[in-house]
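Have a look at my_file03.pdb below; it lists PDB, C-alpha atoms and all ligand atoms.
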```
ATOM      1  CA  GLY A   8      96.243  99.905 108.470
ATOM      2  CA  LYS A   9      99.196 100.792 106.261
ATOM      3  CA  LYS A  10     101.859  99.485 108.648
ATOM      4  CA  LYS A  11     101.348  95.808 107.978
ATOM      5  CA  GLU A  12     102.191  96.304 104.330
ATOM      6  CA  PHE A  13     105.810  96.783 105.422
ATOM      7  CA  SER A  14     108.331  94.601 107.145
ATOM      8  CA  GLN A  15     112.130  94.383 107.490
ATOM      9  CA  VAL A  16     115.015  92.329 106.127
ATOM     10  CA  ASN A  17     118.425  92.891 107.749
ATOM     11  CA  GLY A  18     117.092  96.090 109.312
ATOM     12  CA  ILE A  19     115.912  97.513 106.000
ATOM     13  CA  ILE A  20     112.243  98.453 105.621
ATOM     14  CA  LEU A  21     110.728  96.796 102.571
ATOM     15  CA  GLN A  22     107.271  96.130 101.254
ATOM     16  CA  LYS A  23     105.840  93.031 102.891
ATOM     17  CA  LYS A  24     105.571  91.221  99.564
ATOM     18  CA  THR A  25     109.315  91.834  98.979
ATOM     19  CA  CYS A  26     110.141  90.347 102.410
ATOM     20  CA  ASP A  27     107.985  87.312 101.674
ATOM     21  CA  PHE A  28     109.972  86.658  98.526
ATOM     22  CA  TRP A  29     113.340  87.628  99.986
ATOM     23  CA  ASN A  30     114.990  84.211  99.608
ATOM     24  CA  LYS A  31     114.038  84.087  95.971
ATOM     25  CA  ILE A  32     115.384  87.587  95.371
ATOM     26  CA  TRP A  33     118.597  86.849  97.270
ATOM     27  CA  ASN A  34     119.174  83.612  95.365
ATOM     28  CA  PHE A  35     118.310  85.113  92.013
ATOM     29  CA  GLN A  36     120.781  84.024  89.324
ATOM     30  CA  ALA A  37     121.389  86.596  86.619
ATOM     31  CA  LYS A  38     122.504  85.580  83.151
ATOM     32  CA  PRO A  39     125.705  87.204  81.810
ATOM     33  CA  ASP A  40     123.833  89.549  79.483
ATOM     34  CA  ASP A  41     121.155  90.562  81.964
ATOM     35  CA  LEU A  42     120.969  94.218  82.888
ATOM     36  CA  LEU A  43     120.080  95.608  86.293
ATOM     37  CA  ILE A  44     119.261  99.252  86.898
ATOM     38  CA  ALA A  45     120.245  99.533  90.561
ATOM     39  CA  SER A  46     118.971 102.936  91.571
ATOM     40  CA  TYR A  47     118.008 104.431  94.899
ATOM     41  CA  PRO A  48     114.310 105.452  94.783
ATOM     42  CA  LYS A  49     113.841 108.860  93.111
ATOM     43  CA  ALA A  50     117.358 108.990  91.645
ATOM     44  CA  GLY A  51     116.080 108.876  88.068
ATOM     45  CA  THR A  52     115.129 105.222  87.672
ATOM     46  CA  THR A  53     112.351 105.873  85.174
ATOM     47  CA  TRP A  54     114.527 108.197  83.122
ATOM     48  CA  THR A  55     117.276 105.558  82.869
ATOM     49  CA  GLN A  56     114.746 102.838  82.060
ATOM     50  CA  GLU A  57     113.366 104.844  79.149
ATOM     51  CA  ILE A  58     116.877 105.634  77.841
ATOM     52  CA  VAL A  59     117.880 101.961  77.973
ATOM     53  CA  ASP A  60     114.698 100.869  76.250
ATOM     54  CA  LEU A  61     115.137 103.406  73.460
ATOM     55  CA  ILE A  62     118.790 102.437  72.935
ATOM     56  CA  GLN A  63     117.871  98.769  72.782
ATOM     57  CA  ASN A  64     115.115  99.572  70.271
ATOM     58  CA  ASP A  65     117.471 101.697  68.113
ATOM     59  CA  GLY A  66     115.604 104.870  69.046
ATOM     60  CA  ASP A  67     112.206 103.606  67.876
ATOM     61  CA  ILE A  68     109.754 105.506  70.093
ATOM     62  CA  GLU A  69     106.799 103.459  68.851
ATOM     63  CA  LYS A  70     108.412 100.320  70.265
ATOM     64  CA  SER A  71     109.127 101.976  73.590
ATOM     65  CA  ARG A  72     105.496 103.109  73.731
ATOM     66  CA  ARG A  73     104.247  99.535  73.467
ATOM     67  CA  ALA A  74     103.621  99.336  77.220
ATOM     68  CA  SER A  75     103.993 101.283  80.448
ATOM     69  CA  ILE A  76     107.460 101.561  81.928
ATOM     70  CA  GLN A  77     106.773  99.190  84.872
ATOM     71  CA  LEU A  78     105.914  96.418  82.427
ATOM     72  CA  ARG A  79     108.893  97.034  80.170
ATOM     73  CA  HIS A  80     111.280  97.113  83.175
ATOM     74  CA  PRO A  81     109.835  94.950  85.919
ATOM     75  CA  PHE A  82     111.312  95.467  89.388
ATOM     76  CA  LEU A  83     113.520  92.721  90.784
ATOM     77  CA  GLU A  84     111.418  92.668  93.942
ATOM     78  CA  TRP A  85     108.502  91.680  91.785
ATOM     79  CA  ILE A  86     110.503  88.684  90.597
ATOM     80  CA  ARG A  87     109.592  89.032  86.992
ATOM     81  CA  MET A  88     112.968  90.409  86.140
ATOM     82  CA  THR A  89     116.472  89.415  85.463
ATOM     83  CA  HIS A  90     119.505  91.581  85.188
ATOM     84  CA  CYS A  91     123.809  93.191  85.636
ATOM     85  CA  PRO A  92     124.173  96.426  87.530
ATOM     86  CA  ARG A  93     124.004  99.985  86.354
ATOM     87  CA  PRO A  94     123.387 102.185  89.348
ATOM     88  CA  GLU A  95     121.878 105.598  89.084
ATOM     89  CA  LYS A  96     122.605 108.067  91.849
ATOM     90  CA  ARG A  97     121.448 111.503  92.761
ATOM     91  CA  ASN A  98     122.648 113.985  95.335
ATOM     92  CA  PRO A  99     120.972 113.185  98.644
ATOM     93  CA  LYS A 100     119.356 116.572  99.221
ATOM     94  CA  ASP A 101     117.354 116.552  95.983
ATOM     95  CA  ASN A 102     116.791 112.827  96.408
ATOM     96  CA  LEU A 103     115.290 113.442  99.851
ATOM     97  CA  VAL A 104     112.938 116.159  98.592
ATOM     98  CA  SER A 105     111.831 114.020  95.650
ATOM     99  CA  TYR A 106     111.236 111.019  97.921
ATOM    100  CA  TYR A 107     109.176 113.161 100.309
ATOM    101  CA  HIS A 108     106.821 114.292  97.548
ATOM    102  CA  PHE A 109     106.693 110.744  96.160
ATOM    103  CA  GLN A 110     105.559 109.380  99.517
ATOM    104  CA  ARG A 111     102.900 112.093  99.664
ATOM    105  CA  MET A 112     101.413 111.052  96.328
ATOM    106  CA  ASN A 113     101.955 107.263  96.382
ATOM    107  CA  LYS A 114      99.377 105.361  98.408
ATOM    108  CA  ALA A 115     101.524 102.215  98.298
ATOM    109  CA  LEU A 116     104.127 103.897 100.536
ATOM    110  CA  PRO A 117     103.909 105.093 104.154
ATOM    111  CA  ASP A 118     102.587 108.588 104.801
ATOM    112  CA  PRO A 119     105.754 110.725 105.087
ATOM    113  CA  GLY A 120     104.331 112.928 107.861
ATOM    114  CA  SER A 121     105.383 116.564 107.908
ATOM    115  CA  TRP A 122     108.447 117.726 106.014
ATOM    116  CA  ASP A 123     110.354 118.194 109.288
ATOM    117  CA  GLU A 124     109.475 114.672 110.386
ATOM    118  CA  TYR A 125     110.423 113.171 107.043
ATOM    119  CA  PHE A 126     113.752 114.976 107.049
ATOM    120  CA  GLU A 127     114.692 113.098 110.233
ATOM    121  CA  THR A 128     113.285 109.795 108.968
ATOM    122  CA  PHE A 129     115.394 110.003 105.808
ATOM    123  CA  LEU A 130     118.594 110.889 107.654
ATOM    124  CA  ALA A 131     118.035 107.987 110.036
ATOM    125  CA  GLY A 132     117.624 105.672 107.034
ATOM    126  CA  ASN A 133     114.154 104.644 108.200
ATOM    127  CA  VAL A 134     112.656 104.856 104.730
ATOM    128  CA  VAL A 135     111.447 102.026 102.510
ATOM    129  CA  TRP A 136     114.415 100.409 100.683
ATOM    130  CA  GLY A 137     116.831 101.669 103.330
ATOM    131  CA  SER A 138     119.421 104.364 103.832
ATOM    132  CA  TRP A 139     120.584 106.467 100.879
ATOM    133  CA  PHE A 140     124.077 106.500 102.381
ATOM    134  CA  ASP A 141     124.379 102.720 102.619
ATOM    135  CA  HIS A 142     122.989 102.300  99.119
ATOM    136  CA  VAL A 143     125.302 104.683  97.275
ATOM    137  CA  LYS A 144     128.419 103.644  99.175
ATOM    138  CA  GLY A 145     127.684  99.950  98.746
ATOM    139  CA  TRP A 146     127.443 100.157  94.955
ATOM    140  CA  TRP A 147     130.446 102.484  94.738
ATOM    141  CA  LYS A 148     132.566  99.828  96.474
ATOM    142  CA  LYS A 149     131.519  97.199  93.946
ATOM    143  CA  LYS A 150     132.058  99.283  90.849
ATOM    144  CA  ASP A 151     135.636  98.140  90.110
ATOM    145  CA  SER A 152     135.070  94.454  90.669
ATOM    146  CA  HIS A 153     131.894  94.194  88.569
ATOM    147  CA  PRO A 154     130.809  95.456  85.134
ATOM    148  CA  ILE A 155     129.061  98.500  86.550
ATOM    149  CA  LEU A 156     128.373 101.843  84.925
ATOM    150  CA  TYR A 157     127.886 104.328  87.762
ATOM    151  CA  LEU A 158     125.713 107.229  86.629
ATOM    152  CA  PHE A 159     124.800 110.514  88.301
ATOM    153  CA  TYR A 160     121.503 112.342  87.844
ATOM    154  CA  GLU A 161     123.376 115.656  87.920
ATOM    155  CA  ASP A 162     125.586 114.583  84.975
ATOM    156  CA  MET A 163     122.524 113.471  83.028
ATOM    157  CA  ARG A 164     120.925 116.871  83.544
ATOM    158  CA  LYS A 165     124.103 118.686  82.589
ATOM    159  CA  ASP A 166     124.909 116.769  79.407
ATOM    160  CA  PRO A 167     122.257 114.185  78.569
ATOM    161  CA  LYS A 168     123.759 113.275  75.215
ATOM    162  CA  ARG A 169     127.166 112.514  76.711
ATOM    163  CA  GLU A 170     125.582 110.312  79.398
ATOM    164  CA  ILE A 171     123.260 108.569  76.931
ATOM    165  CA  ARG A 172     126.275 107.824  74.734
ATOM    166  CA  LYS A 173     128.016 106.275  77.778
ATOM    167  CA  ILE A 174     125.007 104.046  78.364
ATOM    168  CA  MET A 175     124.934 103.121  74.672
ATOM    169  CA  GLU A 176     128.625 102.129  74.748
ATOM    170  CA  PHE A 177     128.098 100.165  77.951
ATOM    171  CA  LEU A 178     125.295  98.276  76.203
ATOM    172  CA  GLY A 179     127.628  97.539  73.280
ATOM    173  CA  LYS A 180     125.508  99.488  70.796
ATOM    174  CA  ASN A 181     126.630 101.887  68.115
ATOM    175  CA  LEU A 182     123.815 104.206  67.083
ATOM    176  CA  LYS A 183     124.013 107.066  64.590
ATOM    177  CA  GLU A 184     124.197 110.657  65.850
ATOM    178  CA  GLU A 185     120.718 111.465  64.629
ATOM    179  CA  ILE A 186     119.284 108.516  66.535
ATOM    180  CA  LEU A 187     121.125 109.609  69.664
ATOM    181  CA  ASP A 188     119.649 113.089  69.219
ATOM    182  CA  LYS A 189     116.186 111.569  68.919
ATOM    183  CA  ILE A 190     116.740 109.608  72.126
ATOM    184  CA  VAL A 191     117.893 112.774  73.922
ATOM    185  CA  TYR A 192     114.685 114.490  72.805
ATOM    186  CA  ASN A 193     112.348 111.604  73.650
ATOM    187  CA  THR A 194     113.846 111.185  77.124
ATOM    188  CA  SER A 195     113.732 114.880  77.997
ATOM    189  CA  PHE A 196     111.651 115.798  81.046
ATOM    190  CA  ASP A 197     108.865 117.490  79.067
ATOM    191  CA  VAL A 198     108.424 114.673  76.565
ATOM    192  CA  MET A 199     108.467 111.995  79.273
ATOM    193  CA  LYS A 200     105.977 114.004  81.317
ATOM    194  CA  ARG A 201     103.577 114.046  78.369
ATOM    195  CA  ASN A 202     104.136 110.360  77.564
ATOM    196  CA  PRO A 203     101.523 108.136  79.271
ATOM    197  CA  MET A 204     103.921 105.171  79.011
ATOM    198  CA  THR A 205     106.509 106.897  81.226
ATOM    199  CA  ASN A 206     104.588 109.280  83.503
ATOM    200  CA  TYR A 207     102.713 106.711  85.629
ATOM    201  CA  ILE A 208      99.477 108.566  84.876
ATOM    202  CA  ASN A 209      97.467 105.325  84.876
ATOM    203  CA  GLU A 210      98.909 104.027  88.154
ATOM    204  CA  ILE A 211      95.900 104.004  90.455
ATOM    205  CA  LYS A 212      98.034 104.065  93.614
ATOM    206  CA  MET A 213      99.417 107.458  92.679
ATOM    207  CA  ASN A 214      97.609 110.750  93.196
ATOM    208  CA  HIS A 215      99.188 113.145  90.729
ATOM    209  CA  ASN A 216      97.088 116.018  92.070
ATOM    210  CA  LEU A 217      99.049 115.857  95.332
ATOM    211  CA  SER A 218     102.353 115.826  93.454
ATOM    212  CA  PRO A 219     103.025 114.711  89.878
ATOM    213  CA  PHE A 220     105.340 111.721  89.333
ATOM    214  CA  LEU A 221     107.526 113.739  86.991
ATOM    215  CA  ARG A 222     107.541 116.592  89.444
ATOM    216  CA  LYS A 223     110.304 119.109  88.653
ATOM    217  CA  GLY A 224     113.235 117.147  87.251
ATOM    218  CA  VAL A 225     115.925 119.626  88.265
ATOM    219  CA  VAL A 226     119.109 119.859  90.325
ATOM    220  CA  GLY A 227     119.032 122.074  93.404
ATOM    221  CA  ASP A 228     115.304 122.047  94.212
ATOM    222  CA  TRP A 229     116.233 121.174  97.803
ATOM    223  CA  LYS A 230     116.971 124.883  98.307
ATOM    224  CA  ASN A 231     113.238 125.541  98.122
ATOM    225  CA  GLN A 232     112.549 122.993 100.862
ATOM    226  CA  PHE A 233     115.440 122.894 103.345
ATOM    227  CA  THR A 234     115.642 125.419 106.173
ATOM    228  CA  GLU A 235     119.065 126.870 107.003
ATOM    229  CA  ALA A 236     119.192 124.733 110.142
ATOM    230  CA  GLN A 237     118.288 121.579 108.209
ATOM    231  CA  ASN A 238     120.978 122.310 105.667
ATOM    232  CA  LYS A 239     123.565 122.650 108.402
ATOM    233  CA  GLN A 240     122.392 119.443 110.075
ATOM    234  CA  PHE A 241     122.420 117.626 106.750
ATOM    235  CA  ASN A 242     125.922 118.813 105.853
ATOM    236  CA  GLU A 243     127.292 117.643 109.178
ATOM    237  CA  TYR A 244     125.648 114.253 108.852
ATOM    238  CA  HIS A 245     126.737 113.930 105.229
ATOM    239  CA  GLU A 246     130.359 114.769 105.977
ATOM    240  CA  LYS A 247     130.496 112.270 108.789
ATOM    241  CA  ASN A 248     128.846 109.491 106.815
ATOM    242  CA  MET A 249     130.724 110.026 103.575
ATOM    243  CA  ALA A 250     134.162 110.295 105.217
ATOM    244  CA  ASP A 251     134.948 106.651 104.414
ATOM    245  CA  THR A 252     134.283 106.900 100.654
ATOM    246  CA  SER A 253     135.835 108.654  97.645
ATOM    247  CA  LEU A 254     132.330 109.140  96.222
ATOM    248  CA  SER A 255     131.108 112.726  95.984
ATOM    249  CA  PHE A 256     128.020 114.505  94.690
ATOM    250  CA  CYS A 257     127.142 117.779  93.028
ATOM    251  CA  MET A 258     124.516 119.542  95.162
ATOM    252  CA  GLY A 259     123.901 122.277  92.584
ATOM    253  CA  LEU A 260     124.868 125.914  92.850
ATOM    254  CA  LYS A 261     125.058 127.306  96.363
TER     255      LYS A 261
HETATM  256  P1  LIG B   1     111.661 115.165  91.057
HETATM  257  O1  LIG B   1     110.711 114.629  92.066
HETATM  258  O2  LIG B   1     112.800 115.913  91.706
HETATM  259  O3  LIG B   1     111.036 115.933  89.961
HETATM  260  P2  LIG B   1     112.529 107.715  89.929
HETATM  261  O4  LIG B   1     112.220 107.428  88.507
HETATM  262  O5  LIG B   1     113.770 107.017  90.428
HETATM  263  O6  LIG B   1     111.338 107.523  90.819
HETATM  264  O7  LIG B   1     112.929 109.278  89.993
HETATM  265  C1  LIG B   1     111.980 110.283  89.798
HETATM  266  C2  LIG B   1     112.668 111.630  89.713
HETATM  267  O8  LIG B   1     113.347 111.702  88.433
HETATM  268  C3  LIG B   1     111.684 112.790  89.755
HETATM  269  O9  LIG B   1     112.383 113.892  90.356
HETATM  270  C4  LIG B   1     111.422 112.995  88.273
HETATM  271  O10 LIG B   1     110.895 114.253  87.940
HETATM  272  C5  LIG B   1     112.826 112.828  87.712
HETATM  273  N1  LIG B   1     112.826 112.547  86.264
HETATM  274  C6  LIG B   1     112.141 111.585  85.596
HETATM  275  N2  LIG B   1     112.347 111.675  84.284
HETATM  276  C7  LIG B   1     113.191 112.717  84.092
HETATM  277  C8  LIG B   1     113.776 113.311  82.938
HETATM  278  N3  LIG B   1     113.528 112.856  81.709
HETATM  279  N4  LIG B   1     114.597 114.376  83.125
HETATM  280  C9  LIG B   1     114.852 114.853  84.363
HETATM  281  N5  LIG B   1     114.325 114.325  85.488
HETATM  282  C10 LIG B   1     113.501 113.267  85.367
END
```

As structure tokens, how would this structure be written, given the file I've shared?
Amino acid sequence: GKKKEFSQVNGIILQKKTCDFWNKIWNFQAKPDDLLIASYPKAGTTWTQEIVDLIQNDGDIEKSRRASIQLRHPFLEWIRMTHCPRPEKRNPKDNLVSYYHFQRMNKALPDPGSWDEYFETFLAGNVVWGSWFDHVKGWWKKKDSHPILYLFYEDMRKDPKREIRKIMEFLGKNLKEEILDKIVYNTSFDVMKRNPMTNYINEIKMNHNLSPFLRKGVVGDWKNQFTEAQNKQFNEYHEKNMADTSLSFCMGLK
């Protein structure tokens, strides 16, 4: 039954409703001050959305708690939105593990199958919204010709305040240190996990008992999931597919 909810555009698997609206999405005209968060699924979209919202509301958490995150930042595929790019990227190994658990818990997405099966599906790029490799390389190529702030999940984990300040400057805002500190606190993993407006707790399509939406929020969790053989296979594939780009990722400690 689930299969017919998905279709393809240019070889990329997308939700059927996205394909139906594809012309509208493709022809979408952004205004100069629109903002687009162009993330690969599970790269930290929600985290970035909450940071942006808090910066735009001068750190006022009450304002950012006015509605759930999907309503405050509608997805372009849902056509309610607008926006200019700010991609968020995450190393592919952690991204893969996070996506696997997300597909387990989200009834709106295909069943991922076993971990071993999903590993192959992800490498082949046969996941909804397409190949991680094509996505990250595509945006990297555009970053010098467009007003793009390219962010990395690993940097945000390492020094959230520095990265939040970058986002603030990109947005043309100048907030006081104490407000920045408040934003760092309110967008930390634990606070966002407890916040019903950011943790998707009321999303009926998600079964948080299978795997919570804010699951672990760390760098290097892939080491708990990958076998030695999978790691070797992944490294070979990664090297081959990233040979034509200057883009590189931090996979965490060895
Ligand atoms: P894990 O599954 O590895 O825990 P997206 O919002 O693009 O779907 O990404 C979700 C991933 O970002 C999840 O990763 C989630 O835990 C993580 N995440 C969300 N908010 C976070 C935060 N404030 N700090 C660190 N990680 C966060």

Computed gap from CA of Ser253 in chain A to CA of Lys96 in chain A is 14.5 Å

message = I'd like to see the residues matched by the PyMOL selection byres (((chain A and resi 244-248) around 10) and not hetatm) on this file, and ideally I'd get them as a VMD selection string.
response = chain A and resid 99 to 100 130 to 131 140 to 141 144 238 to 243 249 to 252

Length of the CA of Asn113 in chain A to atom O3 of ligand LIG 1 (chain B) vector [Å]: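 Result for CA of Asn113 in chain A versus atom O3 of ligand LIG 1 (chain B): 14.1 Å, one decimal.
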
Edge lengths and centre in Å to one decimal, as AutoDock Vina command-line options, is what I'm after for the box along x, y and z that holds all listed atoms of ligand LIG 1 (chain B) once 4 Å is added on each side.
```
--center_x 112.8 --center_y 111.5 --center_z 86.9 --size_x 12.1 --size_y 16.9 --size_z 18.4
```

Requested in this report: Report as a PyMOL selection string which protein, DNA and RNA residues come within 6 Å of ligand LIG 1 (chain B), using only C-alpha atoms and all ligand atoms.
Outcome: chain A and resi 48-54+105+194-196+199+221-225

Between CA of Tyr106 in chain A and CA of Pro219 in chain A lies a distance of 12.1 Å

What residues come out when you apply the PyMOL selection byres (((chain A and resi 134-138) around 6) and not hetatm) to this file, written as a PyMOL selection string? chain A and resi 19-21+129+132-133+139-141

| task | Using the chain letters and numbering of this document, enumerate as a VMD selection string the residues selected by the PyMOL selection byres (((chain A and resi 232) around 12) and not hetatm). | result | chain A and resid 100 to 105 107 to 108 121 to 123 125 to 126 227 to 231 233 to 238

When you write range 199-231 of chain A out from the block above, keep C-alpha atoms and present the result as a compact mmCIF listing (two decimals), in the first residue's frame, please.
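This went into result_3.txt:
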```txt
# COMPACT_ATOMS: atom_id res chain seq x y z
CA MET A 199 14.58 21.08 22.16
CA LYS A 200 13.81 17.49 23.11
CA ARG A 201 11.63 18.71 25.97
CA ASN A 202 9.96 21.41 23.86
CA PRO A 203 6.69 20.16 22.29
CA MET A 204 6.99 22.84 19.59
CA THR A 205 10.27 21.37 18.29
CA ASN A 206 10.19 17.64 19.12
CA TYR A 207 7.37 16.55 16.78
CA ILE A 208 5.68 14.85 19.73
CA ASN A 209 2.21 15.65 18.38
CA GLU A 210 2.93 14.42 14.84
CA ILE A 211 0.61 11.44 14.50
CA LYS A 212 2.65 9.90 11.67
CA MET A 213 5.62 9.47 13.97
CA ASN A 214 6.01 6.67 16.50
CA HIS A 215 8.46 7.98 19.06
CA ASN A 216 8.44 4.65 20.89
CA LEU A 217 10.22 3.07 17.92
CA SER A 218 12.78 5.87 17.84
CA PRO A 219 12.44 9.42 19.17
CA PHE A 220 12.63 12.30 16.66
CA LEU A 221 15.38 13.96 18.67
CA ARG A 222 17.18 10.67 18.95
CA LYS A 223 20.81 11.14 20.05
CA GLY A 224 22.02 14.41 18.54
CA VAL A 225 25.71 13.50 18.48
CA VAL A 226 28.62 13.14 16.07
CA GLY A 227 30.04 9.66 15.56
CA ASP A 228 27.01 7.52 16.46
CA TRP A 229 27.57 5.62 13.20
CA LYS A 230 30.29 3.67 15.03
CA ASN A 231 27.56 1.94 17.02
```
